[in-house]
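> Have a look at this one.
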Amino acid sequence: MTEQRPLTDTATVRPVPTLPDAQTVTEVQHYTDRLFRFRVTRPQSLRFRSGEFVMIGLMGDPDPATGRQKPLLRAYSIASPSWDDELEFYSIKVPDGPLTSRLQHIEEGDQIILRPKPVGTLVHDALLPGKRLWLFATGTGFAPFASIIRDPETYERFDEIIVTHTCREVAELTYSREMIEGLRQDELMQELLGDGLDKLRYYPTTTREESPKMGRITTLLESGEVQSDLGLPPLDPAVDRAMVCGSLEFNHDIKALLEGAGLHEGANSEPAEFVIEKAFVG
Ligand code: A2P
């Protein structure tokens, strides 16, 4: 049954929420048959730190026995920065994924559920001050970094920000590539990016389709190729900081690599040289 609410103030008429914590979809963009991005309205009271995640989802199917519906929620990094009026999310589409098989069909004007309790470790507070910030992403793990690189605080805290994004295919890099190109063209951002716009560097790689730089970022770091391509010294715990977001295996492998270079994992309660979070995968 749909709840009907009397409309008392015609100046602020909004769609009548039919879901708990409902937010309205304002934009949807599909990149490939596996990836899409969408934007929703932001609850006025929602404050978050760039890089945090929230639980979002849809109402699940009715229970066959009781007919009752429960929300189907998953943790999603907020891809928009904390100053944005709306919230942006970047998602995989899994054909038999309980949530994304349905979420991929949302359209402008639809409603989703959003629990307004942001949390997460991919935040500046969990890192000690440093000079260079590495943002290591695979697949949809780029989402929290889409927030971080649009936050002016990132450029105040670090001299240089390097985004690495590894995907299977070239088209899967579109979201990060277009965003970084957009930031370089944005007048306000240009001030933050410095004269040569080189304060924000982008290092995209693919593993299963030909592109200018091929290979897993872990392999390219181990061989020293990343450093020689970017003209940088080896990772140094005195100056380098890192945020990591990808699959479990990726996180595990890069963690070993960072620890091998002398960096330690941090947390909100105990900032250190790197932080890590699993990207949502289904
Ligand atoms: P690969 O094609 O060699 O598996 P996925 O789409 O499966 O989430 O993977 C996203 C990207 O992350 C792919 O390019 C994949 O490379 C890469 N990847 C997966 N596991 C690891 C890992 N353990 N270390 C580095 N890169 C990885």
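Each chain of the structure tokens is named A, B, ... in the order shown, its residues numbered from 1; ligands are numbered from 1 in display order.
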Return as a ChimeraX atom specification the residues of protein, DNA or RNA that approach ligand 1 to within 6 Å, with only C-alpha atoms and all ligand atoms taken into account.

/A:138-139,166-168,206-208,216-218,247,249-250,253

> Excluding Thr154 (chain A) and any residue of its chain fewer than 4 positions from it, enumerate the residues within 10 Å of it, using only C-alpha atoms, and give them as a list in words.

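Skipping anything fewer than 4 positions along the chain leaves Ser50, Val123, His124, Leu133, Ser147, Ile148, Ile149, Arg150, Phe158, Asp159, Glu160, Ile161 and Leu192 of chain A.
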
> Pull N, CA and C atoms from the residues just selected and write them as a PDB file, in the first residue's frame.


ATOM      1  N   SER A  50      34.721  13.151   2.318  1.00  0.00           N
ATOM      2  CA  SER A  50      34.998  12.590   0.996  1.00  0.00           C
ATOM      3  C   SER A  50      35.728  11.261   1.163  1.00  0.00           C
ATOM      4  N   VAL A 123      39.714   8.062   4.087  1.00  0.00           N
ATOM      5  CA  VAL A 123      39.514   9.479   4.409  1.00  0.00           C
ATOM      6  C   VAL A 123      40.839  10.096   4.834  1.00  0.00           C
ATOM      7  N   HIS A 124      40.954  11.379   4.657  1.00  0.00           N
ATOM      8  CA  HIS A 124      42.212  12.057   4.999  1.00  0.00           C
ATOM      9  C   HIS A 124      42.584  11.877   6.468  1.00  0.00           C
ATOM     10  N   LEU A 133      50.206  11.640  -2.602  1.00  0.00           N
ATOM     11  CA  LEU A 133      49.092  10.728  -2.317  1.00  0.00           C
ATOM     12  C   LEU A 133      48.853   9.822  -3.517  1.00  0.00           C
ATOM     13  N   SER A 147      35.446  10.978  -5.363  1.00  0.00           N
ATOM     14  CA  SER A 147      35.102  11.957  -4.330  1.00  0.00           C
ATOM     15  C   SER A 147      36.362  12.695  -3.865  1.00  0.00           C
ATOM     16  N   ILE A 148      37.393  11.924  -3.546  1.00  0.00           N
ATOM     17  CA  ILE A 148      38.634  12.505  -3.006  1.00  0.00           C
ATOM     18  C   ILE A 148      39.274  13.515  -3.978  1.00  0.00           C
ATOM     19  N   ILE A 149      39.295  13.180  -5.272  1.00  0.00           N
ATOM     20  CA  ILE A 149      40.003  14.077  -6.211  1.00  0.00           C
ATOM     21  C   ILE A 149      39.179  15.326  -6.557  1.00  0.00           C
ATOM     22  N   ARG A 150      37.898  15.346  -6.144  1.00  0.00           N
ATOM     23  CA  ARG A 150      37.091  16.549  -6.368  1.00  0.00           C
ATOM     24  C   ARG A 150      37.000  17.389  -5.093  1.00  0.00           C
ATOM     25  N   PHE A 158      48.323  17.655  -0.005  1.00  0.00           N
ATOM     26  CA  PHE A 158      49.399  16.971  -0.735  1.00  0.00           C
ATOM     27  C   PHE A 158      49.937  17.820  -1.891  1.00  0.00           C
ATOM     28  N   ASP A 159      51.241  17.624  -2.174  1.00  0.00           N
ATOM     29  CA  ASP A 159      51.863  18.333  -3.305  1.00  0.00           C
ATOM     30  C   ASP A 159      51.500  17.657  -4.622  1.00  0.00           C
ATOM     31  N   GLU A 160      51.257  16.354  -4.541  1.00  0.00           N
ATOM     32  CA  GLU A 160      51.042  15.587  -5.771  1.00  0.00           C
ATOM     33  C   GLU A 160      50.057  14.447  -5.489  1.00  0.00           C
ATOM     34  N   ILE A 161      49.118  14.238  -6.423  1.00  0.00           N
ATOM     35  CA  ILE A 161      48.134  13.162  -6.275  1.00  0.00           C
ATOM     36  C   ILE A 161      48.225  12.297  -7.530  1.00  0.00           C
ATOM     37  N   LEU A 192      43.833  24.753  -8.191  1.00  0.00           N
ATOM     38  CA  LEU A 192      44.336  23.741  -7.253  1.00  0.00           C
ATOM     39  C   LEU A 192      45.372  22.830  -7.902  1.00  0.00           C
TER      40      LEU A 192
END

> Point out the residue among A:Leu87, A:Leu230, A:Leu173, A:Ile254 with the least atom-to-atom distance to Leu35 (chain A), counting only C-alpha atoms.

A:Leu173

> Any idea what the distance is between CA of Leu248 (chain A) and CA of Ile276 (chain A)?

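Rounded to one decimal, the two atoms are 10.2 Å apart.
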
> Need to verify the contact set: Cys245 (chain A), 12 Å, only C-alpha atoms, exclusion of same-chain residues closer than 4 positions in sequence. Can you return it as a PyMOL selection string?

chain A and resi 51-52+77+120-123+134-146+163-166+249-255+274-281

> Output C-alpha atoms for every residue in the selection just made, as a PDB file, in the first residue's frame.


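In the end it all went to again-v1.pdb:
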ATOM      1  CA  GLY A  51      35.830   8.887   0.523  1.00  0.00           C
ATOM      2  CA  GLU A  52      33.187   7.494   2.880  1.00  0.00           C
ATOM      3  CA  SER A  77      31.206   4.579  -1.759  1.00  0.00           C
ATOM      4  CA  GLY A 120      34.781   4.437   5.994  1.00  0.00           C
ATOM      5  CA  THR A 121      38.559   4.493   6.195  1.00  0.00           C
ATOM      6  CA  LEU A 122      39.455   6.049   2.810  1.00  0.00           C
ATOM      7  CA  VAL A 123      39.514   9.479   4.409  1.00  0.00           C
ATOM      8  CA  TRP A 134      48.668   7.526  -4.337  1.00  0.00           C
ATOM      9  CA  LEU A 135      45.103   6.449  -5.090  1.00  0.00           C
ATOM     10  CA  PHE A 136      45.241   2.818  -6.246  1.00  0.00           C
ATOM     11  CA  ALA A 137      41.976   1.549  -7.783  1.00  0.00           C
ATOM     12  CA  THR A 138      40.769  -1.415  -9.780  1.00  0.00           C
ATOM     13  CA  GLY A 139      37.346  -1.523 -11.447  1.00  0.00           C
ATOM     14  CA  THR A 140      34.623   0.247  -9.423  1.00  0.00           C
ATOM     15  CA  GLY A 141      37.216   0.838  -6.692  1.00  0.00           C
ATOM     16  CA  PHE A 142      37.715   4.222  -8.343  1.00  0.00           C
ATOM     17  CA  ALA A 143      34.409   5.445  -6.795  1.00  0.00           C
ATOM     18  CA  PRO A 144      35.747   6.797  -3.466  1.00  0.00           C
ATOM     19  CA  PHE A 145      38.607   8.452  -5.328  1.00  0.00           C
ATOM     20  CA  ALA A 146      36.118  10.262  -7.568  1.00  0.00           C
ATOM     21  CA  VAL A 163      45.487   8.131  -9.509  1.00  0.00           C
ATOM     22  CA  THR A 164      46.142   4.642 -10.824  1.00  0.00           C
ATOM     23  CA  HIS A 165      43.180   2.799 -12.300  1.00  0.00           C
ATOM     24  CA  THR A 166      43.454  -0.732 -13.612  1.00  0.00           C
ATOM     25  CA  GLU A 249      42.918 -10.103  -4.020  1.00  0.00           C
ATOM     26  CA  PHE A 250      44.067  -6.736  -5.299  1.00  0.00           C
ATOM     27  CA  ASN A 251      43.897  -5.203  -1.830  1.00  0.00           C
ATOM     28  CA  HIS A 252      45.835  -8.121  -0.401  1.00  0.00           C
ATOM     29  CA  ASP A 253      48.567  -7.912  -3.037  1.00  0.00           C
ATOM     30  CA  ILE A 254      49.034  -4.160  -2.913  1.00  0.00           C
ATOM     31  CA  LYS A 255      48.997  -4.154   0.878  1.00  0.00           C
ATOM     32  CA  PHE A 274      48.069   3.883   3.853  1.00  0.00           C
ATOM     33  CA  VAL A 275      44.401   2.904   4.094  1.00  0.00           C
ATOM     34  CA  ILE A 276      42.484   0.203   2.323  1.00  0.00           C
ATOM     35  CA  GLU A 277      38.857  -0.700   1.587  1.00  0.00           C
ATOM     36  CA  LYS A 278      37.162  -3.371  -0.493  1.00  0.00           C
ATOM     37  CA  ALA A 279      35.253  -2.182  -3.547  1.00  0.00           C
ATOM     38  CA  PHE A 280      31.658  -3.351  -3.772  1.00  0.00           C
ATOM     39  CA  VAL A 281      31.523  -6.216  -6.254  1.00  0.00           C
TER      40      VAL A 281
END

> DSSP on the backbone, then: every residue of region 73-204 of chain A marked alpha helix (DSSP H), written as an MDAnalysis selection string.

chainID A and resid 100:103 143:148 152:157 174:185 187:193

> May I have the selected residues written with N, CA, C and O atoms, as a CSV table (one decimal), in the first residue's frame?


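What follows is the written file result-v6.csv:
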chain,number,residue,atom,x,y,z
A,100,THR,N,22.3,-5.4,-7.9
A,100,THR,CA,22.7,-4.7,-9.1
A,100,THR,C,21.9,-5.2,-10.3
A,100,THR,O,21.7,-4.4,-11.3
A,101,SER,N,21.4,-6.4,-10.3
A,101,SER,CA,20.6,-6.9,-11.4
A,101,SER,C,19.3,-6.0,-11.6
A,101,SER,O,18.8,-5.8,-12.7
A,102,ARG,N,18.9,-5.4,-10.5
A,102,ARG,CA,17.7,-4.5,-10.5
A,102,ARG,C,18.1,-3.0,-10.5
A,102,ARG,O,17.5,-2.3,-11.2
A,103,LEU,N,19.1,-2.7,-9.8
A,103,LEU,CA,19.5,-1.3,-9.7
A,103,LEU,C,20.0,-0.8,-11.0
A,103,LEU,O,19.8,0.4,-11.3
A,143,ALA,N,35.5,4.6,-7.3
A,143,ALA,CA,34.4,5.4,-6.8
A,143,ALA,C,34.8,6.4,-5.6
A,143,ALA,O,34.6,7.6,-5.7
A,144,PRO,N,35.4,5.9,-4.6
A,144,PRO,CA,35.7,6.8,-3.5
A,144,PRO,C,36.8,7.8,-3.9
A,144,PRO,O,36.8,9.0,-3.4
A,145,PHE,N,37.6,7.5,-4.9
A,145,PHE,CA,38.6,8.5,-5.3
A,145,PHE,C,38.0,9.5,-6.2
A,145,PHE,O,38.5,10.6,-6.3
A,146,ALA,N,36.9,9.2,-6.8
A,146,ALA,CA,36.1,10.3,-7.6
A,146,ALA,C,35.7,11.4,-6.6
A,146,ALA,O,35.6,12.5,-7.0
A,147,SER,N,35.4,11.0,-5.4
A,147,SER,CA,35.1,12.0,-4.3
A,147,SER,C,36.4,12.7,-3.9
A,147,SER,O,36.4,13.9,-3.9
A,148,ILE,N,37.4,11.9,-3.5
A,148,ILE,CA,38.6,12.5,-3.0
A,148,ILE,C,39.3,13.5,-4.0
A,148,ILE,O,39.7,14.6,-3.6
A,152,PRO,N,38.8,19.9,-2.6
A,152,PRO,CA,39.9,20.8,-2.5
A,152,PRO,C,40.9,20.5,-1.4
A,152,PRO,O,42.1,20.7,-1.5
A,153,GLU,N,40.4,19.9,-0.3
A,153,GLU,CA,41.3,19.5,0.8
A,153,GLU,C,42.4,18.6,0.4
A,153,GLU,O,43.5,18.7,0.9
A,154,THR,N,42.1,17.8,-0.6
A,154,THR,CA,43.2,16.8,-1.1
A,154,THR,C,44.4,17.6,-1.6
A,154,THR,O,45.5,17.2,-1.4
A,155,TYR,N,44.1,18.7,-2.3
A,155,TYR,CA,45.2,19.5,-2.9
A,155,TYR,C,45.9,20.4,-1.9
A,155,TYR,O,47.0,20.8,-2.1
A,156,GLU,N,45.2,20.7,-0.8
A,156,GLU,CA,45.8,21.4,0.3
A,156,GLU,C,46.8,20.5,1.1
A,156,GLU,O,47.8,21.0,1.6
A,157,ARG,N,46.4,19.3,1.2
A,157,ARG,CA,47.2,18.3,2.0
A,157,ARG,C,48.4,17.8,1.3
A,157,ARG,O,49.4,17.4,2.0
A,174,THR,N,36.5,4.8,-18.8
A,174,THR,CA,35.9,6.0,-19.2
A,174,THR,C,35.5,7.0,-18.1
A,174,THR,O,35.8,8.2,-18.1
A,175,TYR,N,34.9,6.4,-17.0
A,175,TYR,CA,34.5,7.3,-15.9
A,175,TYR,C,35.7,8.0,-15.3
A,175,TYR,O,35.6,9.2,-15.1
A,176,SER,N,36.8,7.3,-15.0
A,176,SER,CA,37.9,8.0,-14.4
A,176,SER,C,38.6,9.0,-15.4
A,176,SER,O,38.9,10.1,-15.0
A,177,ARG,N,38.7,8.5,-16.6
A,177,ARG,CA,39.4,9.4,-17.6
A,177,ARG,C,38.6,10.7,-17.9
A,177,ARG,O,39.2,11.8,-17.8
A,178,GLU,N,37.3,10.5,-18.0
A,178,GLU,CA,36.5,11.7,-18.3
A,178,GLU,C,36.5,12.7,-17.1
A,178,GLU,O,36.5,13.9,-17.2
A,179,MET,N,36.5,12.1,-15.9
A,179,MET,CA,36.5,12.9,-14.7
A,179,MET,C,37.8,13.7,-14.6
A,179,MET,O,37.7,14.9,-14.3
A,180,ILE,N,38.9,13.1,-14.8
A,180,ILE,CA,40.2,13.8,-14.7
A,180,ILE,C,40.3,14.8,-15.8
A,180,ILE,O,40.8,15.9,-15.5
A,181,GLU,N,39.9,14.5,-17.0
A,181,GLU,CA,39.9,15.5,-18.1
A,181,GLU,C,39.0,16.7,-17.7
A,181,GLU,O,39.4,17.8,-17.9
A,182,GLY,N,37.9,16.4,-17.1
A,182,GLY,CA,36.9,17.4,-16.7
A,182,GLY,C,37.5,18.3,-15.6
A,182,GLY,O,37.4,19.6,-15.7
A,183,LEU,N,38.2,17.7,-14.7
A,183,LEU,CA,38.8,18.5,-13.6
A,183,LEU,C,39.9,19.5,-14.2
A,183,LEU,O,40.1,20.6,-13.7
A,184,ARG,N,40.7,19.0,-15.2
A,184,ARG,CA,41.7,19.8,-15.7
A,184,ARG,C,41.2,21.0,-16.5
A,184,ARG,O,41.9,22.0,-16.7
A,185,GLN,N,39.9,20.8,-17.0
A,185,GLN,CA,39.3,21.9,-17.7
A,185,GLN,C,38.5,22.9,-16.8
A,185,GLN,O,38.0,23.9,-17.3
A,187,GLU,N,37.8,25.6,-14.3
A,187,GLU,CA,38.5,26.8,-13.9
A,187,GLU,C,38.9,26.8,-12.4
A,187,GLU,O,40.0,27.1,-12.0
A,188,LEU,N,37.9,26.5,-11.6
A,188,LEU,CA,38.2,26.4,-10.1
A,188,LEU,C,39.3,25.4,-9.8
A,188,LEU,O,40.1,25.6,-9.0
A,189,MET,N,39.2,24.3,-10.4
A,189,MET,CA,40.1,23.2,-10.2
A,189,MET,C,41.5,23.6,-10.7
A,189,MET,O,42.5,23.2,-10.1
A,190,GLN,N,41.6,24.3,-11.8
A,190,GLN,CA,42.9,24.6,-12.3
A,190,GLN,C,43.8,25.3,-11.3
A,190,GLN,O,45.0,25.1,-11.3
A,191,GLU,N,43.1,26.1,-10.5
A,191,GLU,CA,43.9,26.8,-9.4
A,191,GLU,C,44.6,25.8,-8.5
A,191,GLU,O,45.7,26.0,-8.0
A,192,LEU,N,43.8,24.8,-8.2
A,192,LEU,CA,44.3,23.7,-7.3
A,192,LEU,C,45.4,22.8,-7.9
A,192,LEU,O,46.2,22.3,-7.2
A,193,LEU,N,45.3,22.7,-9.2
A,193,LEU,CA,46.1,21.7,-9.9
A,193,LEU,C,47.5,22.3,-10.3
A,193,LEU,O,48.3,21.6,-10.8

> Skipping near chain neighbours, those fewer than 4 positions away, what residues fall within 10 Å of Pro237 (chain A) using only C-alpha atoms, listed as a list in words?

Gly130, Arg241, Ala242, Leu258, Glu259, Ala261, Gly262, Leu263, His264, Ala272, Glu273 and Phe274 of chain A

> Among region 67-273 of chain A, which residues does DSSP mark as strand (DSSP E) when it is run on the backbone? Keep the chain and numbering as in the structure and answer as a ChimeraX atom specification.

/A:71-77,86-92,111-119,132-138,160-167,200-206,240-246

> Generate a file of the selected residues that holds C-alpha atoms, formatted as a PDB file, in the first residue's frame.


ATOM      1  CA  PRO A  71      15.188  -3.433   2.033  1.00  0.00           C
ATOM      2  CA  LEU A  72      18.038  -4.922   0.009  1.00  0.00           C
ATOM      3  CA  LEU A  73      21.045  -2.781   0.884  1.00  0.00           C
ATOM      4  CA  ARG A  74      24.740  -2.742  -0.017  1.00  0.00           C
ATOM      5  CA  ALA A  75      27.660  -0.517   0.933  1.00  0.00           C
ATOM      6  CA  TYR A  76      28.433   2.012  -1.812  1.00  0.00           C
ATOM      7  CA  SER A  77      31.206   4.579  -1.759  1.00  0.00           C
ATOM      8  CA  GLU A  86      23.621  15.682  -4.916  1.00  0.00           C
ATOM      9  CA  LEU A  87      25.143  12.262  -4.303  1.00  0.00           C
ATOM     10  CA  GLU A  88      26.840  10.267  -7.043  1.00  0.00           C
ATOM     11  CA  PHE A  89      27.476   6.512  -7.143  1.00  0.00           C
ATOM     12  CA  TYR A  90      29.461   4.339  -9.534  1.00  0.00           C
ATOM     13  CA  SER A  91      28.312   0.763  -9.838  1.00  0.00           C
ATOM     14  CA  ILE A  92      28.976  -2.560 -11.403  1.00  0.00           C
ATOM     15  CA  GLN A 111      13.558   6.220  -5.885  1.00  0.00           C
ATOM     16  CA  ILE A 112      16.276   4.346  -4.060  1.00  0.00           C
ATOM     17  CA  ILE A 113      16.833   3.764  -0.359  1.00  0.00           C
ATOM     18  CA  LEU A 114      19.761   5.576   1.231  1.00  0.00           C
ATOM     19  CA  ARG A 115      20.680   5.119   4.890  1.00  0.00           C
ATOM     20  CA  PRO A 116      22.284   8.424   5.855  1.00  0.00           C
ATOM     21  CA  LYS A 117      25.075   7.026   8.061  1.00  0.00           C
ATOM     22  CA  PRO A 118      28.381   7.534   6.241  1.00  0.00           C
ATOM     23  CA  VAL A 119      31.462   5.601   7.420  1.00  0.00           C
ATOM     24  CA  ARG A 132      52.493  12.456  -2.367  1.00  0.00           C
ATOM     25  CA  LEU A 133      49.092  10.728  -2.317  1.00  0.00           C
ATOM     26  CA  TRP A 134      48.668   7.526  -4.337  1.00  0.00           C
ATOM     27  CA  LEU A 135      45.103   6.449  -5.090  1.00  0.00           C
ATOM     28  CA  PHE A 136      45.241   2.818  -6.246  1.00  0.00           C
ATOM     29  CA  ALA A 137      41.976   1.549  -7.783  1.00  0.00           C
ATOM     30  CA  THR A 138      40.769  -1.415  -9.780  1.00  0.00           C
ATOM     31  CA  GLU A 160      51.042  15.587  -5.771  1.00  0.00           C
ATOM     32  CA  ILE A 161      48.134  13.162  -6.275  1.00  0.00           C
ATOM     33  CA  ILE A 162      48.560  10.097  -8.465  1.00  0.00           C
ATOM     34  CA  VAL A 163      45.487   8.131  -9.509  1.00  0.00           C
ATOM     35  CA  THR A 164      46.142   4.642 -10.824  1.00  0.00           C
ATOM     36  CA  HIS A 165      43.180   2.799 -12.300  1.00  0.00           C
ATOM     37  CA  THR A 166      43.454  -0.732 -13.612  1.00  0.00           C
ATOM     38  CA  CYS A 167      40.583  -2.280 -15.562  1.00  0.00           C
ATOM     39  CA  LEU A 200      46.894  15.506 -10.324  1.00  0.00           C
ATOM     40  CA  ARG A 201      48.443  12.679 -12.347  1.00  0.00           C
ATOM     41  CA  TYR A 202      46.549   9.822 -13.964  1.00  0.00           C
ATOM     42  CA  TYR A 203      48.012   6.371 -14.618  1.00  0.00           C
ATOM     43  CA  PRO A 204      45.396   4.142 -16.309  1.00  0.00           C
ATOM     44  CA  THR A 205      46.229   0.549 -17.212  1.00  0.00           C
ATOM     45  CA  THR A 206      44.327  -2.309 -18.833  1.00  0.00           C
ATOM     46  CA  ASP A 240      54.311   8.655   0.201  1.00  0.00           C
ATOM     47  CA  ARG A 241      50.743   8.020   1.359  1.00  0.00           C
ATOM     48  CA  ALA A 242      48.249   5.688  -0.288  1.00  0.00           C
ATOM     49  CA  MET A 243      44.570   4.847  -0.436  1.00  0.00           C
ATOM     50  CA  VAL A 244      43.632   1.489  -1.935  1.00  0.00           C
ATOM     51  CA  CYS A 245      40.255   0.304  -3.224  1.00  0.00           C
ATOM     52  CA  GLY A 246      39.659  -2.807  -5.297  1.00  0.00           C
TER      53      GLY A 246
END

> Which is closer to Ser269 (chain A) than all the others in A:Asp85, A:Asp110, A:Asp125, A:Asp63, using only C-alpha atoms?

A:Asp125

> Enter the distance from CA of Asp96 (chain A) to CA of Ala65 (chain A), in Å, rounded to one decimal.

22.9 Å

> Which of these, A:Pro234, A:Pro212, A:Gly57, A:Pro43, has the shortest distance to Ile106 (chain A) once you count only C-alpha atoms?

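Distance minimum relative to Ile106 (chain A) lands on A:Gly57.
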